[in-house]
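Peer 1: You'll find model-v8.tsv just under this line, and it carries TSV, C-alpha atoms.
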```tsv
chain	number	residue	atom	x	y	z
A	1	MET	CA	0.00	0.00	0.00
A	2	ASP	CA	1.06	3.60	-0.52
A	3	PHE	CA	1.45	5.88	2.46
A	4	THR	CA	0.80	9.61	2.32
A	5	ASP	CA	3.54	12.00	3.50
A	6	ASP	CA	1.65	12.50	6.76
A	7	GLN	CA	1.44	8.75	7.30
A	8	LEU	CA	5.15	8.30	6.59
A	9	MET	CA	5.78	10.93	9.22
A	10	ARG	CA	3.29	9.50	11.72
A	11	TYR	CA	4.63	5.95	11.47
A	12	SER	CA	8.30	6.84	10.89
A	13	ARG	CA	9.47	5.33	14.21
A	14	HIS	CA	7.77	2.09	13.28
A	15	ILE	CA	9.08	2.08	9.74
A	16	LEU	CA	12.61	2.53	11.08
A	17	LEU	CA	12.37	-0.79	12.92
A	18	PRO	CA	13.61	-3.68	10.76
A	19	GLU	CA	10.91	-5.89	12.34
A	20	VAL	CA	8.19	-3.51	11.13
A	21	GLY	CA	9.32	-1.46	8.12
A	22	GLY	CA	6.94	-0.27	5.43
A	23	LYS	CA	5.67	-3.79	4.88
A	24	GLY	CA	4.89	-4.32	8.54
A	25	GLN	CA	3.19	-0.94	8.81
A	26	ALA	CA	1.04	-1.90	5.83
A	27	ARG	CA	0.07	-5.12	7.62
A	28	ILE	CA	-0.86	-3.08	10.70
A	29	ALA	CA	-2.98	-0.80	8.50
A	30	GLN	CA	-4.83	-3.80	7.13
A	31	ALA	CA	-5.34	-5.48	10.51
A	32	LYS	CA	-8.80	-5.81	12.05
A	33	VAL	CA	-8.90	-6.14	15.81
A	34	PHE	CA	-11.97	-6.79	17.97
A	35	ILE	CA	-11.80	-5.54	21.57
A	36	VAL	CA	-14.24	-6.83	24.19
A	37	GLY	CA	-14.79	-4.13	26.80
A	38	ALA	CA	-14.09	-0.40	26.60
A	39	GLY	CA	-13.05	-0.12	30.24
A	40	GLY	CA	-9.74	-0.27	32.08
A	41	LEU	CA	-8.09	-2.62	29.57
A	42	GLY	CA	-10.03	-1.78	26.41
A	43	CYS	CA	-9.07	1.92	26.69
A	44	PRO	CA	-5.26	1.51	26.64
A	45	VAL	CA	-5.36	-1.42	24.19
A	46	GLY	CA	-7.52	0.53	21.75
A	47	TYR	CA	-5.61	3.76	22.33
A	48	TYR	CA	-2.21	2.21	21.52
A	49	LEU	CA	-3.55	0.18	18.62
A	50	ALA	CA	-5.11	3.35	17.19
A	51	ALA	CA	-1.79	5.17	17.61
A	52	ALA	CA	-0.03	2.25	15.90
A	53	GLY	CA	-2.35	2.62	12.91
A	54	VAL	CA	-4.39	-0.58	13.15
A	55	GLY	CA	-6.85	-0.21	10.28
A	56	THR	CA	-10.04	-1.36	11.94
A	57	ILE	CA	-10.71	-1.49	15.66
A	58	ALA	CA	-14.07	-2.74	16.92
A	59	LEU	CA	-15.09	-2.05	20.50
A	60	ILE	CA	-18.02	-3.72	22.22
A	61	ASP	CA	-19.38	-2.56	25.57
A	62	ASN	CA	-22.87	-1.88	26.85
A	63	ASP	CA	-22.01	0.61	29.59
A	64	THR	CA	-21.93	4.39	29.77
A	65	VAL	CA	-19.08	6.48	31.17
A	66	GLU	CA	-19.23	7.22	34.90
A	67	MET	CA	-17.09	9.42	37.12
A	68	SER	CA	-15.66	6.35	38.90
A	69	ASN	CA	-14.24	5.10	35.57
A	70	LEU	CA	-11.94	8.06	35.03
A	71	GLN	CA	-9.29	6.91	37.56
A	72	ARG	CA	-8.14	4.31	35.00
A	73	GLN	CA	-10.23	4.32	31.79
A	74	ILE	CA	-8.05	6.78	29.92
A	75	ALA	CA	-10.06	7.08	26.71
A	76	HIS	CA	-12.98	8.69	28.57
A	77	SER	CA	-13.19	12.17	30.07
A	78	MET	CA	-15.36	14.63	31.99
A	79	GLN	CA	-16.86	15.63	28.64
A	80	THR	CA	-18.08	12.09	27.90
A	81	ILE	CA	-19.68	11.19	31.25
A	82	GLY	CA	-23.06	9.65	30.49
A	83	MET	CA	-22.08	8.79	26.91
A	84	PRO	CA	-21.83	5.15	25.79
A	85	LYS	CA	-18.24	4.04	26.50
A	86	VAL	CA	-17.76	2.80	22.95
A	87	GLU	CA	-18.76	6.22	21.54
A	88	SER	CA	-16.53	8.03	23.99
A	89	ALA	CA	-13.56	5.82	23.11
A	90	LYS	CA	-14.26	6.12	19.38
A	91	LYS	CA	-14.11	9.91	19.69
A	92	THR	CA	-10.77	9.72	21.52
A	93	PHE	CA	-9.16	7.21	19.15
A	94	GLU	CA	-10.29	9.04	16.02
A	95	ALA	CA	-8.98	12.32	17.41
A	96	LEU	CA	-5.60	10.64	17.88
A	97	ASN	CA	-5.53	8.97	14.48
A	98	PRO	CA	-8.04	9.63	11.69
A	99	ASP	CA	-6.57	6.71	9.68
A	100	VAL	CA	-8.29	4.28	11.99
A	101	ASN	CA	-11.81	3.01	11.44
A	102	VAL	CA	-13.33	2.57	14.90
A	103	VAL	CA	-16.47	0.42	14.98
A	104	ALA	CA	-18.45	1.19	18.15
A	105	ILE	CA	-20.85	-1.55	19.20
A	106	GLN	CA	-23.04	-0.66	22.17
A	107	LYS	CA	-24.36	-4.11	23.04
A	108	ARG	CA	-23.97	-6.87	25.55
A	109	ILE	CA	-22.00	-9.70	24.00
A	110	SER	CA	-23.81	-13.04	24.13
A	111	LYS	CA	-23.74	-16.55	22.74
A	112	ASP	CA	-26.25	-15.43	20.11
A	113	ASN	CA	-24.23	-12.56	18.65
A	114	ILE	CA	-20.54	-13.21	19.36
A	115	LEU	CA	-19.71	-15.45	16.38
A	116	ASP	CA	-21.28	-13.01	13.92
A	117	LEU	CA	-19.57	-10.06	15.59
A	118	ILE	CA	-16.03	-11.48	15.50
A	119	ARG	CA	-16.30	-13.17	12.10
A	120	ASP	CA	-14.61	-10.43	10.06
A	121	TYR	CA	-11.78	-9.74	12.53
A	122	ASP	CA	-8.26	-11.17	12.66
A	123	ILE	CA	-7.60	-10.98	16.37
A	124	VAL	CA	-9.79	-10.72	19.47
A	125	VAL	CA	-8.73	-8.92	22.66
A	126	ASP	CA	-10.46	-9.71	25.94
A	127	GLY	CA	-10.66	-6.80	28.36
A	128	SER	CA	-13.99	-7.76	29.87
A	129	ASP	CA	-14.84	-7.33	33.53
A	130	ASN	CA	-16.64	-10.58	34.33
A	131	PHE	CA	-16.12	-14.33	34.12
A	132	PRO	CA	-19.16	-15.29	32.00
A	133	THR	CA	-17.86	-13.04	29.21
A	134	ARG	CA	-14.30	-14.42	29.56
A	135	TYR	CA	-15.50	-17.99	29.07
A	136	LEU	CA	-17.83	-17.01	26.24
A	137	VAL	CA	-15.03	-15.15	24.42
A	138	ASN	CA	-12.58	-18.05	24.94
A	139	ASP	CA	-15.06	-20.62	23.64
A	140	ALA	CA	-16.13	-18.49	20.65
A	141	CYS	CA	-12.53	-17.77	19.64
A	142	PHE	CA	-11.70	-21.46	19.80
A	143	MET	CA	-14.72	-22.33	17.65
A	144	ALA	CA	-14.05	-19.51	15.17
A	145	ARG	CA	-10.29	-20.20	15.26
A	146	LYS	CA	-9.39	-16.61	16.14
A	147	PRO	CA	-6.27	-15.73	18.15
A	148	LEU	CA	-7.23	-14.25	21.51
A	149	VAL	CA	-5.15	-11.90	23.64
A	150	SER	CA	-6.61	-12.15	27.11
A	151	GLY	CA	-5.93	-9.70	29.94
A	152	ALA	CA	-7.35	-9.41	33.44
A	153	ILE	CA	-6.80	-7.14	36.45
A	154	LEU	CA	-7.75	-6.95	40.11
A	155	ARG	CA	-6.33	-4.86	42.96
A	156	PHE	CA	-2.55	-4.92	42.23
A	157	GLU	CA	-2.41	-8.07	40.07
A	158	GLY	CA	-2.70	-8.47	36.34
A	159	GLN	CA	-2.58	-11.47	34.01
A	160	VAL	CA	-1.96	-11.73	30.27
A	161	THR	CA	-1.92	-14.68	27.90
A	162	THR	CA	-2.24	-15.22	24.17
A	163	ILE	CA	-4.34	-18.11	22.97
A	164	VAL	CA	-3.77	-19.40	19.46
A	165	PRO	CA	-6.38	-22.02	18.58
A	166	GLY	CA	-4.88	-25.35	17.63
A	167	GLU	CA	-1.41	-24.30	18.81
A	168	GLY	CA	-1.59	-24.39	22.58
A	169	PRO	CA	-3.83	-24.30	25.61
A	170	CYS	CA	-7.03	-22.28	25.90
A	171	TYR	CA	-8.29	-20.34	28.93
A	172	ARG	CA	-10.28	-23.38	30.08
A	173	CYS	CA	-7.19	-25.61	30.03
A	174	LEU	CA	-6.02	-23.77	33.16
A	175	PHE	CA	-9.27	-22.38	34.54
A	176	GLU	CA	-11.69	-25.25	33.89
A	177	GLU	CA	-14.89	-23.44	34.90
A	178	PRO	CA	-15.92	-20.00	36.12
A	179	PRO	CA	-15.48	-19.60	39.88
A	180	PRO	CA	-18.74	-19.80	41.84
A	181	PRO	CA	-20.56	-16.44	41.85
A	182	GLY	CA	-19.40	-14.20	44.69
A	183	LEU	CA	-16.14	-16.04	45.41
A	184	VAL	CA	-13.82	-13.85	43.34
A	185	PRO	CA	-14.50	-10.14	43.76
A	186	SER	CA	-14.71	-7.63	40.90
A	187	CYS	CA	-12.73	-4.38	40.65
A	188	GLN	CA	-15.93	-2.60	41.67
A	189	GLU	CA	-15.96	-4.60	44.89
A	190	ALA	CA	-12.26	-4.98	45.66
A	191	GLY	CA	-10.64	-2.01	43.92
A	192	VAL	CA	-7.88	-1.77	41.35
A	193	LEU	CA	-4.81	0.43	41.08
A	194	GLY	CA	-5.65	2.87	38.29
A	195	VAL	CA	-2.39	2.44	36.41
A	196	LEU	CA	-2.53	-1.40	36.47
A	197	PRO	CA	-4.72	-1.69	33.33
A	198	GLY	CA	-2.20	0.60	31.60
A	199	VAL	CA	0.54	-1.97	32.18
A	200	ILE	CA	-1.61	-4.97	31.27
A	201	GLY	CA	-3.34	-3.25	28.35
A	202	GLY	CA	0.06	-2.15	27.02
A	203	LEU	CA	1.23	-5.77	27.12
A	204	GLN	CA	-1.94	-6.89	25.34
A	205	ALA	CA	-1.49	-4.28	22.60
A	206	THR	CA	2.12	-5.47	22.17
A	207	GLU	CA	0.93	-9.07	21.78
A	208	VAL	CA	-1.58	-7.92	19.12
A	209	LEU	CA	1.09	-6.10	17.11
A	210	LYS	CA	3.44	-9.13	17.24
A	211	LEU	CA	0.63	-11.35	15.99
A	212	VAL	CA	-0.09	-8.89	13.17
A	213	LEU	CA	3.59	-8.61	12.24
A	214	GLY	CA	4.39	-12.29	12.75
A	215	LYS	CA	7.47	-11.23	14.74
A	216	GLY	CA	8.87	-12.22	18.11
A	217	GLU	CA	7.32	-14.66	20.53
A	218	VAL	CA	3.83	-14.28	21.91
A	219	LEU	CA	2.62	-15.55	25.29
A	220	LYS	CA	1.42	-18.83	23.84
A	221	GLY	CA	1.22	-21.54	26.50
A	222	GLU	CA	2.27	-19.01	29.12
A	223	LEU	CA	0.42	-16.88	31.61
A	224	LEU	CA	2.25	-13.69	32.55
A	225	ILE	CA	1.41	-12.51	36.04
A	226	TYR	CA	2.30	-8.96	37.10
A	227	ASN	CA	2.37	-7.92	40.72
A	228	ALA	CA	2.39	-4.12	40.90
A	229	LEU	CA	3.19	-4.00	44.64
A	230	LYS	CA	6.29	-6.14	44.25
A	231	THR	CA	7.09	-4.91	40.73
A	232	SER	CA	7.45	-8.56	39.73
A	233	PHE	CA	6.61	-10.42	36.55
A	234	ARG	CA	6.18	-14.19	36.69
A	235	LYS	CA	5.61	-16.44	33.70
A	236	VAL	CA	3.70	-19.64	34.40
A	237	LYS	CA	3.95	-22.29	31.72
A	238	VAL	CA	0.50	-23.60	30.93
A	239	PRO	CA	0.36	-26.97	29.19
A	240	LYS	CA	-2.52	-28.02	27.01
A	241	ASN	CA	-4.93	-29.91	29.26
A	242	PRO	CA	-5.98	-33.26	27.73
A	243	PHE	CA	-9.10	-33.13	29.93
A	244	CYS	CA	-10.11	-29.63	28.76
A	245	ALA	CA	-13.85	-29.63	28.09
A	246	LEU	CA	-13.36	-27.36	25.07
A	247	CYS	CA	-10.07	-28.24	23.36
A	248	GLY	CA	-9.12	-31.51	25.10
A	249	GLU	CA	-9.20	-35.06	23.76
A	250	SER	CA	-12.89	-35.68	24.50
A	251	PRO	CA	-14.53	-32.27	24.41
A	252	THR	CA	-17.94	-31.91	26.02
A	253	ILE	CA	-18.47	-28.26	25.06
A	254	THR	CA	-19.63	-28.09	21.48
A	255	GLU	CA	-21.81	-25.00	21.64
A	256	LEU	CA	-21.67	-21.61	23.32
A	257	THR	CA	-23.14	-20.99	26.75
A	258	ASP	CA	-24.15	-17.80	28.53
A	259	TYR	CA	-23.36	-18.53	32.16
A	260	GLU	CA	-26.14	-17.62	34.55
A	261	GLN	CA	-26.81	-14.03	35.49
A	262	GLY	CA	-25.48	-14.62	39.01
A	263	TYR	CA	-21.97	-14.58	37.61
A	264	CYS	CA	-22.62	-11.24	35.97
A	265	SER	CA	-23.30	-9.52	39.28
A	266	MET	CA	-19.59	-9.94	39.92
B	1	MET	CA	8.59	-31.91	52.64
B	2	ARG	CA	10.20	-29.43	50.29
B	3	LEU	CA	8.09	-27.84	47.54
B	4	THR	CA	8.67	-25.02	45.12
B	5	ILE	CA	5.50	-22.95	45.29
B	6	ASN	CA	5.14	-20.18	42.69
B	7	GLY	CA	8.89	-20.21	42.15
B	8	GLU	CA	9.79	-19.99	45.85
B	9	THR	CA	11.20	-22.95	47.77
B	10	ARG	CA	9.49	-23.97	51.01
B	11	GLU	CA	11.12	-26.57	53.23
B	12	ASP	CA	8.45	-27.12	55.83
B	13	VAL	CA	5.33	-28.26	53.97
B	14	ALA	CA	3.22	-30.75	55.92
B	15	ALA	CA	0.52	-31.30	53.26
B	16	SER	CA	0.65	-34.47	51.17
B	17	THR	CA	-2.11	-33.66	48.68
B	18	VAL	CA	-3.10	-30.55	46.69
B	19	ALA	CA	-6.24	-30.12	48.83
B	20	GLU	CA	-4.17	-30.26	52.02
B	21	LEU	CA	-1.63	-27.81	50.62
B	22	LEU	CA	-4.35	-25.29	49.81
B	23	GLY	CA	-5.70	-25.78	53.33
B	24	GLU	CA	-2.26	-25.26	54.83
B	25	LEU	CA	-1.81	-22.06	52.80
B	26	LYS	CA	-5.38	-20.97	53.68
B	27	ILE	CA	-6.32	-20.66	50.01
B	28	GLN	CA	-9.91	-21.31	48.96
B	29	PRO	CA	-9.79	-23.97	46.19
B	30	GLY	CA	-12.53	-22.23	44.20
B	31	ARG	CA	-10.36	-19.13	43.74
B	32	VAL	CA	-7.36	-20.76	42.10
B	33	ALA	CA	-6.05	-23.15	39.47
B	34	VAL	CA	-3.20	-25.50	40.41
B	35	GLU	CA	-0.39	-26.98	38.37
B	36	VAL	CA	2.10	-29.57	39.64
B	37	ASN	CA	5.26	-30.19	37.59
B	38	LEU	CA	3.61	-28.60	34.54
B	39	THR	CA	0.49	-30.74	34.75
B	40	ILE	CA	-2.82	-29.03	35.45
B	41	VAL	CA	-4.55	-30.67	38.39
B	42	ARG	CA	-8.28	-31.00	37.88
B	43	LYS	CA	-10.44	-29.60	40.68
B	44	THR	CA	-12.00	-33.02	41.27
B	45	ASP	CA	-8.52	-34.50	41.85
B	46	TYR	CA	-7.33	-32.01	44.50
B	47	GLY	CA	-8.07	-34.48	47.32
B	48	SER	CA	-6.35	-37.44	45.71
B	49	PHE	CA	-3.41	-35.77	43.94
B	50	SER	CA	-0.30	-36.65	46.00
B	51	LEU	CA	2.60	-34.25	46.33
B	52	LYS	CA	6.20	-35.52	46.44
B	53	ASP	CA	9.33	-33.95	47.84
B	54	GLY	CA	10.77	-31.54	45.28
B	55	ASP	CA	7.55	-30.97	43.33
B	56	ALA	CA	7.06	-27.61	41.62
B	57	VAL	CA	3.60	-26.24	42.35
B	58	GLU	CA	2.02	-23.23	40.68
B	59	ILE	CA	-1.06	-21.74	42.30
B	60	VAL	CA	-2.71	-19.19	40.01
B	61	SER	CA	-5.53	-16.94	41.22
B	62	PHE	CA	-8.65	-16.27	39.23
B	63	VAL	CA	-8.50	-12.66	38.08
B	64	GLY	CA	-11.46	-11.46	36.06
B	65	GLY	CA	-11.54	-7.67	36.14
B	66	GLY	CA	-11.11	-5.39	33.17
```
Please, can you express the file's structure as structure tokens?
Peer 2:
Amino acid sequence: MDFTDDQLMRYSRHILLPEVGGKGQARIAQAKVFIVGAGGLGCPVGYYLAAAGVGTIALIDNDTVEMSNLQRQIAHSMQTIGMPKVESAKKTFEALNPDVNVVAIQKRISKDNILDLIRDYDIVVDGSDNFPTRYLVNDACFMARKPLVSGAILRFEGQVTTIVPGEGPCYRCLFEEPPPPGLVPSCQEAGVLGVLPGVIGGLQATEVLKLVLGKGEVLKGELLIYNALKTSFRKVKVPKNPFCALCGESPTITELTDYEQGYCSM
Amino acid sequence: MRLTINGETREDVAASTVAELLGELKIQPGRVAVEVNLTIVRKTDYGSFSLKDGDAVEIVSFVGGG
């Protein structure tokens, strides 16, 4: 593809990198990334991917911007309180980079719409805030054979992993089933350090760009755990689980499930 | 017994199964996933899965926020 002078300027620090170059930047421009959640993680992931020049970024979230979001959800502002989060983020990303096509989807993701929604995208990013959605996104990505960059945060701890269908474990290989409702608190209940999603979202955006470029090593078969209080990163090797109900040797999950509402109150 | 738990060596572990280890560490089984020597231990096997001296155990918390 041909870049304009402005684009050559905008992406010059990318183009200088042998691992990216003009060819890599063109791949980034053609990439289509689907982000689940426009909150703590979705904001930095989308923001950096927009800055990087990812051609199409879809954002799905059903919520509106609230004052309590602004401590960490950096795509929103005082001016967008009350606005759908996906519209607020779209405004921010497009102001940063008009090259990017931001698709704002104000909906709740469910077993009935997820496969249609992700169909046209290359990579899915999970930045959701509840376990039913995490399992739904994992299962749908496995079925649709889409790479999934999963991130999660709580208090001072964050986790990141990249799931490549057919090439390693899935989320269920390690975490067989959602925890019982009420056992694991949400950020709303237990708090979260505002900058933590910046670290984890930055790592997720990096994983996305490596997948797009086909460079480096992604967190396949590894869960990266960040402890902000200790400033420690730990990588846990995750093997493929032969008993996994989704991708194991005798799978029992063959269709998508919406876990009961109780989980959603998390 | 000596175990390496989340990368740190502990010399004084009394537990002989995964369930007992979680009890000893006061960790609620429903909040974590457990791996022993790079094998994921299924929740239903926590009570019967024996730990041996020198085993490497990873205990990973459920984190679901975004």
Peer 1: Would you list the contacts of B:Glu35 as a CSV table (one decimal) with C-alpha atoms, in the frame of the given file, taking every protein, DNA or RNA residue within 6 Å and counting only C-alpha atoms, but skipping same-chain residues closer than 6 positions in sequence?
Peer 2:
```csv
chain,number,residue,atom,x,y,z
B,41,VAL,CA,-4.6,-30.7,38.4
B,57,VAL,CA,3.6,-26.2,42.4
B,58,GLU,CA,2.0,-23.2,40.7
```
Peer 1: Pick out the residues sitting within 6 Å of B:Ala19, and hand them over as a compact mmCIF listing (two decimals) with C-alpha atoms, in the coordinates of the input; count all atoms listed in the file, and ignore anything fewer than 2 positions along from it in its own chain.
Peer 2:
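Saved the output as around.txt:
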```txt
# COMPACT_ATOMS: atom_id res chain seq x y z
CA THR B 17 -2.11 -33.66 48.68
CA LEU B 21 -1.63 -27.81 50.62
CA LEU B 22 -4.35 -25.29 49.81
CA TYR B 46 -7.33 -32.01 44.50
CA GLY B 47 -8.07 -34.48 47.32
```
Peer 1: Nearest to A:Phe142 among A:Val103, A:Val195, A:Ile118, A:Leu213, with distances taken over all atoms listed in the file: which residue is it?
Peer 2: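 The answer is A:Ile118, which sits nearest to A:Phe142.
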Peer 1: Could you list, as a list in words, every residue of chain A that has an atom within 6 Å of an atom of chain B, counting all atoms listed in the file?
Peer 2: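 The complete set of qualifying residues is Gly40, Leu41, Gly127, Ser128, Asp129, Asn130, Phe131, Ala152, Ile153, Leu154, Phe175, Pro179, Ser186 and Cys187 of chain A.
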Peer 1: So that I can check the surroundings of A:Lys32, please list as a list in words every protein, DNA and RNA residue that reaches within 12 Å of it, counting all atoms listed in the file and ignoring chain neighbours fewer than 6 positions away.
Peer 2: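 After dropping sequence-adjacent residues, the list is Gly46, Leu49, Ala50, Gly53, Val54, Gly55, Thr56, Ile57, Ala58, Leu59, Val100, Asn101, Val102, Val103, Ile118, Arg119, Asp120, Tyr121, Asp122, Ile123, Val124, Val125, Lys146, Pro147, Val208, Leu209, Leu211 and Val212 of chain A.
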Peer 1: Would you compute the box with edges along x, y and z of the file around stretch 15-25 of chain B, including every atom the file lists for it and 8 Å extra on each side, and give its centre and edge lengths in Å to one decimal, as JSON?
Peer 2:
```
{"center_x": -2.8, "center_y": -28.3, "center_z": 50.8, "size_x": 22.9, "size_y": 28.4, "size_z": 24.1}
```
Peer 1: Could you tell me how far atom CA of A:Pro242 sits from atom CA of A:Cys141, in Å to one decimal place?
Peer 2: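 Between these atoms lies a distance of 18.7 Å.
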Peer 1: When you look at A:Leu115 with a cut-off of 10 Å (counting all atoms listed in the file), what residues show up, excluding the ones that are within fewer than 2 positions of it in the same chain? I need them as an MDAnalysis selection string.
Peer 2: chainID A and resid 109:113 117:120 137 140:141 143:144 256
Peer 1: Rounded to one decimal in Å, what is the spacing between atom CA of A:Pro132 and atom CA of A:Tyr48?
Peer 2: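 If I compute the distance from atom CA of A:Pro132 to atom CA of A:Tyr48, I get 26.5 Å.
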Peer 1: Hey, can you check how far atom CA of A:Tyr226 sits from atom CA of A:Gly158?
Peer 2: 5.1 Å
Peer 1: Do you know which residues are at most 6 Å from A:Val160 counting all atoms listed in the file, after dropping those on the same chain fewer than 3 positions away, and could you put them as a list in words?
Peer 2: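 Counting all atoms listed in the file, the residues come to Ser150, Gly151, Leu223 and Leu224 of chain A.
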Peer 1: Between A:Val192, A:Ile253, A:Ala52, A:Leu70, which residue has the minimum interatomic distance to A:Gln30, considering only C-alpha atoms?
Peer 2: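 Answer, going by the shortest atom-to-atom distance: A:Ala52.
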Peer 1: Within 12 Å of (7.8, -2.6, 7.9), all atoms listed in the file: residues as a PDB file with C-alpha atoms, in the frame of the given file?
Peer 2:
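Everything below was put into point.pdb:
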```pdb
ATOM      1  CA  MET A   1       0.000   0.000   0.000  1.00  0.00           C
ATOM      2  CA  PHE A   3       1.450   5.880   2.460  1.00  0.00           C
ATOM      3  CA  LEU A   8       5.150   8.300   6.590  1.00  0.00           C
ATOM      4  CA  TYR A  11       4.630   5.950  11.470  1.00  0.00           C
ATOM      5  CA  SER A  12       8.300   6.840  10.890  1.00  0.00           C
ATOM      6  CA  ARG A  13       9.470   5.330  14.210  1.00  0.00           C
ATOM      7  CA  HIS A  14       7.770   2.090  13.280  1.00  0.00           C
ATOM      8  CA  ILE A  15       9.080   2.080   9.740  1.00  0.00           C
ATOM      9  CA  LEU A  16      12.610   2.530  11.080  1.00  0.00           C
ATOM     10  CA  LEU A  17      12.370  -0.790  12.920  1.00  0.00           C
ATOM     11  CA  PRO A  18      13.610  -3.680  10.760  1.00  0.00           C
ATOM     12  CA  GLU A  19      10.910  -5.890  12.340  1.00  0.00           C
ATOM     13  CA  VAL A  20       8.190  -3.510  11.130  1.00  0.00           C
ATOM     14  CA  GLY A  21       9.320  -1.460   8.120  1.00  0.00           C
ATOM     15  CA  GLY A  22       6.940  -0.270   5.430  1.00  0.00           C
ATOM     16  CA  LYS A  23       5.670  -3.790   4.880  1.00  0.00           C
ATOM     17  CA  GLY A  24       4.890  -4.320   8.540  1.00  0.00           C
ATOM     18  CA  GLN A  25       3.190  -0.940   8.810  1.00  0.00           C
ATOM     19  CA  ALA A  26       1.040  -1.900   5.830  1.00  0.00           C
ATOM     20  CA  ARG A  27       0.070  -5.120   7.620  1.00  0.00           C
ATOM     21  CA  ILE A  28      -0.860  -3.080  10.700  1.00  0.00           C
ATOM     22  CA  ALA A  29      -2.980  -0.800   8.500  1.00  0.00           C
ATOM     23  CA  LEU A 209       1.090  -6.100  17.110  1.00  0.00           C
ATOM     24  CA  VAL A 212      -0.090  -8.890  13.170  1.00  0.00           C
ATOM     25  CA  LEU A 213       3.590  -8.610  12.240  1.00  0.00           C
ATOM     26  CA  GLY A 214       4.390 -12.290  12.750  1.00  0.00           C
ATOM     27  CA  LYS A 215       7.470 -11.230  14.740  1.00  0.00           C
TER      28      LYS A 215
END
```
Peer 1: Select, from A:Phe93, A:Arg145, A:Val65, A:Glu157, the residue with the minimum atom-to-atom distance to A:Ala190, counting all atoms listed in the file.
Peer 2: A:Glu157
Peer 1: Which one is closest to A:Pro169: A:Leu136, A:Ile74, A:Ala245, A:Met83? Count all atoms listed in the file.
Peer 2: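 Of the candidates, the smallest distance to A:Pro169 is held by A:Ala245.
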Peer 1: List every protein, DNA or RNA residue that has an atom no more than 12 Å from (-14.1, -27.4, 31.5) in the file's coordinate frame, counting all atoms listed in the file, and report them as a JSON list (two decimals) with C-alpha atoms, in the coordinates of the input.
Peer 2:
```json
[["chain", "number", "residue", "atom", "x", "y", "z"],
["A", 135, "TYR", "CA", -15.50, -17.99, 29.07],
["A", 138, "ASN", "CA", -12.58, -18.05, 24.94],
["A", 139, "ASP", "CA", -15.06, -20.62, 23.64],
["A", 170, "CYS", "CA", -7.03, -22.28, 25.90],
["A", 171, "TYR", "CA", -8.29, -20.34, 28.93],
["A", 172, "ARG", "CA", -10.28, -23.38, 30.08],
["A", 173, "CYS", "CA", -7.19, -25.61, 30.03],
["A", 174, "LEU", "CA", -6.02, -23.77, 33.16],
["A", 175, "PHE", "CA", -9.27, -22.38, 34.54],
["A", 176, "GLU", "CA", -11.69, -25.25, 33.89],
["A", 177, "GLU", "CA", -14.89, -23.44, 34.90],
["A", 178, "PRO", "CA", -15.92, -20.00, 36.12],
["A", 179, "PRO", "CA", -15.48, -19.60, 39.88],
["A", 241, "ASN", "CA", -4.93, -29.91, 29.26],
["A", 242, "PRO", "CA", -5.98, -33.26, 27.73],
["A", 243, "PHE", "CA", -9.10, -33.13, 29.93],
["A", 244, "CYS", "CA", -10.11, -29.63, 28.76],
["A", 245, "ALA", "CA", -13.85, -29.63, 28.09],
["A", 246, "LEU", "CA", -13.36, -27.36, 25.07],
["A", 247, "CYS", "CA", -10.07, -28.24, 23.36],
["A", 248, "GLY", "CA", -9.12, -31.51, 25.10],
["A", 249, "GLU", "CA", -9.20, -35.06, 23.76],
["A", 250, "SER", "CA", -12.89, -35.68, 24.50],
["A", 251, "PRO", "CA", -14.53, -32.27, 24.41],
["A", 252, "THR", "CA", -17.94, -31.91, 26.02],
["A", 253, "ILE", "CA", -18.47, -28.26, 25.06],
["A", 254, "THR", "CA", -19.63, -28.09, 21.48],
["B", 42, "ARG", "CA", -8.28, -31.00, 37.88],
["B", 43, "LYS", "CA", -10.44, -29.60, 40.68],
["B", 44, "THR", "CA", -12.00, -33.02, 41.27]]
```
Peer 1: Would you mind putting back N, CA and C atoms on stretch 46-53 of chain B, then writing it out as a tab-separated table (two decimals), keeping the file's coordinate frame?
Peer 2:
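Ended up saving to result22.tsv:
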```
chain	number	residue	atom	x	y	z
B	46	TYR	N	-8.12	-32.69	43.46
B	46	TYR	CA	-7.33	-32.01	44.50
B	46	TYR	C	-7.11	-32.90	45.73
B	47	GLY	N	-8.15	-33.64	46.12
B	47	GLY	CA	-8.07	-34.48	47.32
B	47	GLY	C	-7.18	-35.69	47.15
B	48	SER	N	-7.09	-36.19	45.93
B	48	SER	CA	-6.35	-37.44	45.71
B	48	SER	C	-4.96	-37.22	45.09
B	49	PHE	N	-4.69	-36.02	44.62
B	49	PHE	CA	-3.41	-35.77	43.94
B	49	PHE	C	-2.28	-35.64	44.96
B	50	SER	N	-1.38	-36.64	45.00
B	50	SER	CA	-0.30	-36.65	46.00
B	50	SER	C	0.85	-35.75	45.58
B	51	LEU	N	1.43	-35.09	46.57
B	51	LEU	CA	2.60	-34.25	46.33
B	51	LEU	C	3.85	-35.00	46.82
B	52	LYS	N	4.93	-34.86	46.09
B	52	LYS	CA	6.20	-35.52	46.44
B	52	LYS	C	7.25	-34.45	46.75
B	53	ASP	N	8.23	-34.84	47.52
B	53	ASP	CA	9.33	-33.95	47.84
B	53	ASP	C	9.95	-33.42	46.54
```
